[in-house]
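> Take this structure first; my questions come after.
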Amino acid sequence: MTAALYLARFHLKVRLFDSGDARIDWIPRTNNVAGYADGIAGRELRQRMRDHATRYGVQVEDAEVTSLSVGDEGFSAGVAGMTVAARAVLLATGVVNHQPDVADGRHDEALARHLLRYCPVCDGFEVTDKRVGVFGTGERGVKEAMFLRGFTADLTLLPPADGHRLSDNERAALAAAGIAVADGRGAPLVIDGDRIVAPTGDMSLAFDSIYPALGSTIRSTLAIAAGAVASEDGCMEVSDHQETSVPNLFAAGDVVYGLDQIASAMGQAAVAATTIRNRLSEERPLRR
Ligand SMILES: Cc1cc2nc3c(=O)[nH]c(=O)nc-3n(C[C@H](O)[C@H](O)[C@H](O)COP(=O)(O)OP(=O)(O)OC[C@H]3O[C@@H](n4cnc5c(N)ncnc54)[C@H](O)[C@@H]3O)c2cc1C
């Protein structure tokens with residue numbers, strides 16, 4: 001939305017395709033976007049950005065791009081049975097977090113009630129001194145728990161379904177930081193009143209919030225299909241102007257390796273859009 005807004009205000013013709021499945025919609029209320037001191041729901045922020053872009057003539061089309069290729073004449077994208085041509089493309093396709101099982105299909109309720117949280121950078125502040133679990137293991141689980149230690153001393157690393165994979169060094173580091181480790185095998189989480197319960201082996205532990213640390217799927221298949229280089233886990237590798245290894249193919253937001261935050265997605269989008277404008281102008285001067 002940010003890139004489309006910039007491009008439209010540069011008097012370029014923009015088409016924005018959105019399959020309508022955004023991580024920003026998962027945010028019950030964000031409190032770290034500057035300018036919204038009382039917080040704002042992710043959905044509302046997205047709608048405001050969409051309205052803003054639309055005001056400057058962006059066509060937002062609710063459709064999924066299913067293919068992307070590059071040839072001598074530029075890019076061809078497959079959308080709803082049509083082929084759309086473009087001189088430059090920006091992908092801001094995001095990631096999808098892997099979710100833990102929550103009994104009775106109550107994942108979304110747990111998320112809405114802050115019993116599940118996915119982003120310590122975003123909302124660690126809100127769990128200050130609360131009782132918190134981290135559902136995960138290995139390097140990812142340890143890193144998440146260590147990060148959260150800056151907010152609360154009441155922290156437990158909870159095992160996934162197949163149990164912990166922790167080295168002696170990792171266990172020692174957790175112990176030194178005062179982070180408890182629950183062993184056994186994880187089972188579906190359970191909402192119990194205003195707490196969320198993690199059954200592990202023969203114990204059940206109740207928390208104010210649990211952070212799943214189960215990784216995510218990076219939505220970079222279109223960029224990779226077009227020949228762009230991605231990291232081993234699928235994050236797009238970009239230049240400091242957000243350009244992928246394919247000329248005129250740009251990427252911004254969570255799909256790019258880096259800090260997965262709204263502020264950084266917007267900043268990357270602004271850089272990418274301005275670079276696209278300048279690049280197109282070099283190829284063919286932009287004049288009114
Ligand atoms: C629970 C939770 C809380 C969070 N809280 C905060 C917070 O407080 N502050 C903060 O800064 N960040 C927060 N985040 C992170 C934030 O949501 C992301 O960093 C941000 O949404 C990234 O924006 P994005 O545009 O890269 O991806 P997304 O918001 O995921 O948007 C990607 C868009 O691309 C579309 N798309 C994907 N593939 C296609 C395709 N093939 N064709 C067409 N459209 C496609 C999707 O439909 C979607 O609309 C939170 C995340 C979660 C899960």
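Each chain in the structure tokens gets a letter, A, B, ..., in the order shown, and its residues are numbered from 1; ligands are numbered from 1 in order too.
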Using DSSP on the backbone coordinates, identify all residues within segment 99-263 of chain A classified as strand (DSSP E); present the result as number ranges by chain.
A: 132-135, 155-158, 180-181, 190-192, 195-200, 203-207, 209-212, 216-218, 249-251
> Using the selection just defined, write its residues with C-alpha atoms as a CSV table (one decimal), in the first residue's frame.

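Result file part.csv:
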chain,number,residue,atom,x,y,z
A,132,VAL,CA,4.7,-16.1,29.7
A,133,GLY,CA,5.4,-19.3,27.8
A,134,VAL,CA,7.4,-19.8,24.5
A,135,PHE,CA,6.1,-22.7,22.5
A,155,LEU,CA,9.3,-17.4,31.4
A,156,THR,CA,9.0,-21.1,30.4
A,157,LEU,CA,10.2,-22.7,27.2
A,158,LEU,CA,7.4,-25.2,26.2
A,180,ALA,CA,12.4,-22.6,33.0
A,181,VAL,CA,12.3,-25.5,30.5
A,190,VAL,CA,-6.2,-24.9,25.8
A,191,ILE,CA,-8.0,-21.7,26.7
A,192,ASP,CA,-9.0,-21.8,30.3
A,195,ARG,CA,-5.4,-18.0,30.8
A,196,ILE,CA,-3.9,-20.3,28.2
A,197,VAL,CA,-2.8,-23.7,29.3
A,198,ALA,CA,0.0,-25.8,27.9
A,199,PRO,CA,-0.3,-29.5,28.7
A,200,THR,CA,3.2,-31.0,28.7
A,203,MET,CA,1.8,-31.3,34.0
A,204,SER,CA,-0.4,-28.5,32.7
A,205,LEU,CA,1.1,-25.0,32.9
A,206,ALA,CA,-1.1,-21.9,32.7
A,207,PHE,CA,0.1,-18.6,31.3
A,209,SER,CA,0.3,-15.3,27.1
A,210,ILE,CA,2.1,-17.9,25.0
A,211,TYR,CA,4.4,-16.9,22.0
A,212,PRO,CA,4.6,-19.7,19.4
A,216,SER,CA,6.9,-19.3,9.2
A,217,THR,CA,6.4,-19.9,5.5
A,218,ILE,CA,8.0,-17.1,3.4
A,249,LEU,CA,11.9,-6.8,-9.5
A,250,PHE,CA,11.8,-5.3,-6.0
A,251,ALA,CA,10.7,-6.7,-2.7
> Could you list, as a ChimeraX atom specification, all the residues within 6 Å of ligand 1, counting only C-alpha atoms and all ligand atoms?
/A:17-24,26-27,30-32,63-66,92-95,117-119,122-123,253-255,260-263,265
> Once you have the residues from the selection above, write them out as a CSV table (one decimal), in the first residue's frame, restricted to N, CA and C atoms.

chain,number,residue,atom,x,y,z
A,17,PHE,N,-2.4,-5.8,-6.7
A,17,PHE,CA,-3.1,-7.1,-6.5
A,17,PHE,C,-3.0,-7.5,-5.1
A,18,ASP,N,-4.1,-7.9,-4.5
A,18,ASP,CA,-4.0,-8.3,-3.1
A,18,ASP,C,-5.0,-9.5,-2.9
A,19,SER,N,-4.4,-10.6,-2.4
A,19,SER,CA,-5.2,-11.8,-2.2
A,19,SER,C,-5.9,-11.7,-0.9
A,20,GLY,N,-5.7,-10.7,-0.1
A,20,GLY,CA,-6.5,-10.4,1.1
A,20,GLY,C,-6.2,-11.3,2.3
A,21,ASP,N,-5.0,-11.8,2.4
A,21,ASP,CA,-4.6,-12.7,3.4
A,21,ASP,C,-3.4,-12.1,4.1
A,22,ALA,N,-3.5,-11.0,4.8
A,22,ALA,CA,-2.3,-10.3,5.3
A,22,ALA,C,-2.1,-10.6,6.8
A,23,ARG,N,-0.8,-10.6,7.1
A,23,ARG,CA,-0.4,-10.8,8.5
A,23,ARG,C,-0.8,-9.6,9.3
A,24,ILE,N,-0.9,-8.4,8.7
A,24,ILE,CA,-1.3,-7.2,9.4
A,24,ILE,C,-2.7,-7.4,10.0
A,26,TRP,N,-3.8,-10.0,11.4
A,26,TRP,CA,-3.8,-10.8,12.7
A,26,TRP,C,-3.6,-9.9,13.9
A,27,ILE,N,-3.2,-8.6,13.7
A,27,ILE,CA,-2.9,-7.8,14.8
A,27,ILE,C,-4.1,-7.2,15.5
A,30,THR,N,-2.1,-2.8,17.5
A,30,THR,CA,-0.6,-2.5,17.5
A,30,THR,C,-0.4,-1.2,18.3
A,31,ASN,N,0.6,-1.2,19.1
A,31,ASN,CA,0.9,-0.1,20.0
A,31,ASN,C,2.3,0.5,19.6
A,32,ASN,N,2.9,0.0,18.6
A,32,ASN,CA,4.3,0.6,18.3
A,32,ASN,C,4.4,1.2,16.9
A,63,ALA,N,-7.3,-9.9,-5.9
A,63,ALA,CA,-7.0,-11.1,-6.7
A,63,ALA,C,-5.6,-11.6,-6.4
A,64,GLU,N,-5.4,-12.9,-6.6
A,64,GLU,CA,-4.1,-13.5,-6.3
A,64,GLU,C,-3.3,-13.5,-7.6
A,65,VAL,N,-2.0,-13.1,-7.5
A,65,VAL,CA,-1.1,-13.3,-8.6
A,65,VAL,C,-0.6,-14.7,-8.6
A,66,THR,N,-0.8,-15.5,-9.6
A,66,THR,CA,-0.4,-16.9,-9.6
A,66,THR,C,0.8,-17.2,-10.3
A,92,ALA,N,5.3,-7.6,-2.2
A,92,ALA,CA,5.2,-7.4,-0.7
A,92,ALA,C,4.3,-8.4,-0.2
A,93,THR,N,4.7,-9.7,-0.4
A,93,THR,CA,3.8,-10.8,-0.3
A,93,THR,C,3.8,-11.4,1.2
A,94,GLY,N,4.8,-10.9,2.0
A,94,GLY,CA,4.8,-11.3,3.4
A,94,GLY,C,5.1,-12.7,3.7
A,95,VAL,N,4.8,-13.1,4.9
A,95,VAL,CA,5.1,-14.5,5.4
A,95,VAL,C,3.8,-15.0,6.1
A,117,ARG,N,0.4,-14.7,21.3
A,117,ARG,CA,1.1,-13.5,20.7
A,117,ARG,C,2.2,-14.0,19.8
A,118,TYR,N,2.5,-13.3,18.7
A,118,TYR,CA,3.4,-13.8,17.8
A,118,TYR,C,4.7,-13.0,17.6
A,119,CYS,N,4.7,-11.8,18.2
A,119,CYS,CA,5.8,-10.9,17.9
A,119,CYS,C,6.3,-10.2,19.1
A,122,CYS,N,7.1,-6.6,18.7
A,122,CYS,CA,5.9,-5.7,18.6
A,122,CYS,C,5.2,-5.5,20.0
A,123,ASP,N,5.1,-6.6,20.8
A,123,ASP,CA,4.2,-6.5,22.0
A,123,ASP,C,4.8,-7.1,23.2
A,253,GLY,N,9.1,-5.5,2.9
A,253,GLY,CA,8.2,-6.1,4.0
A,253,GLY,C,8.8,-7.4,4.4
A,254,ASP,N,7.9,-8.2,5.1
A,254,ASP,CA,8.3,-9.4,5.7
A,254,ASP,C,9.0,-10.4,4.8
A,255,VAL,N,8.7,-10.4,3.5
A,255,VAL,CA,9.2,-11.3,2.5
A,255,VAL,C,10.7,-11.1,2.3
A,260,ASP,N,10.8,-7.8,10.8
A,260,ASP,CA,9.4,-7.9,10.3
A,260,ASP,C,8.5,-7.0,11.1
A,261,GLN,N,8.5,-5.8,10.7
A,261,GLN,CA,7.7,-4.7,11.3
A,261,GLN,C,7.0,-3.9,10.3
A,262,ILE,N,5.9,-3.3,10.7
A,262,ILE,CA,5.2,-2.4,9.8
A,262,ILE,C,6.1,-1.2,9.4
A,263,ALA,N,6.7,-0.6,10.4
A,263,ALA,CA,7.6,0.6,10.1
A,263,ALA,C,8.6,0.2,9.1
A,265,ALA,N,8.6,-2.3,6.9
A,265,ALA,CA,7.9,-2.6,5.6
A,265,ALA,C,7.6,-1.3,4.9
> Leu12 of chain A: which residues within 10 Å, counting only C-alpha atoms, same-chain residues fewer than 2 positions away excluded, as a list in words?
Ala4, Tyr6, Leu7, Ala8, Arg9, Phe10, Val14, Arg15, Gly57, Val58, Ile276, Arg277, Leu280 and Leu286 of chain A
> Output the selection as a CSV table (one decimal), in the first residue's frame - N, CA and C atoms for each residue.

chain,number,residue,atom,x,y,z
A,4,ALA,N,2.5,1.6,-3.4
A,4,ALA,CA,1.5,2.0,-4.4
A,4,ALA,C,1.2,3.5,-4.3
A,6,TYR,N,3.1,5.9,-3.0
A,6,TYR,CA,4.3,6.7,-3.6
A,6,TYR,C,4.3,6.7,-5.1
A,7,LEU,N,4.1,5.5,-5.7
A,7,LEU,CA,4.2,5.4,-7.2
A,7,LEU,C,3.0,6.2,-7.8
A,8,ALA,N,1.8,6.2,-7.2
A,8,ALA,CA,0.7,7.0,-7.8
A,8,ALA,C,1.0,8.5,-7.7
A,9,ARG,N,1.7,8.8,-6.5
A,9,ARG,CA,2.0,10.3,-6.4
A,9,ARG,C,3.1,10.7,-7.2
A,10,PHE,N,3.9,9.7,-7.8
A,10,PHE,CA,4.9,10.0,-8.8
A,10,PHE,C,4.2,10.1,-10.2
A,14,VAL,N,-0.2,2.4,-11.6
A,14,VAL,CA,0.0,1.3,-10.7
A,14,VAL,C,-1.2,0.3,-10.7
A,15,ARG,N,-0.9,-0.9,-10.7
A,15,ARG,CA,-1.9,-1.9,-10.4
A,15,ARG,C,-1.5,-2.7,-9.1
A,57,GLY,N,-5.6,7.4,-6.8
A,57,GLY,CA,-5.8,6.7,-8.1
A,57,GLY,C,-5.3,5.3,-8.2
A,58,VAL,N,-4.8,4.7,-7.1
A,58,VAL,CA,-4.3,3.3,-7.2
A,58,VAL,C,-5.6,2.4,-7.3
A,276,ILE,N,12.2,2.7,-8.2
A,276,ILE,CA,11.4,2.3,-9.4
A,276,ILE,C,11.2,3.5,-10.2
A,277,ARG,N,10.7,4.6,-9.6
A,277,ARG,CA,10.4,5.8,-10.3
A,277,ARG,C,11.7,6.3,-11.0
A,280,LEU,N,12.7,3.9,-14.0
A,280,LEU,CA,11.8,4.1,-15.2
A,280,LEU,C,12.1,5.4,-15.9
A,286,LEU,N,10.3,10.7,-17.6
A,286,LEU,CA,8.9,10.9,-17.2
A,286,LEU,C,8.6,12.4,-17.3
> Pick out the residues sitting within 7 Å of Thr128 of chain A, and hand them over as a list in words; count only C-alpha atoms, and ignore anything fewer than 4 positions along from it in its own chain.
Gly124, Phe151 and Thr152 of chain A
> Return the single residue from A:Asp72, A:Asp194, A:Asp233, A:Glu144 that is closest to Arg113 of chain A, with distances computed using only C-alpha atoms.
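Nearest candidate to Arg113 of chain A out of A:Asp72, A:Asp194, A:Asp233, A:Glu144: A:Asp194.
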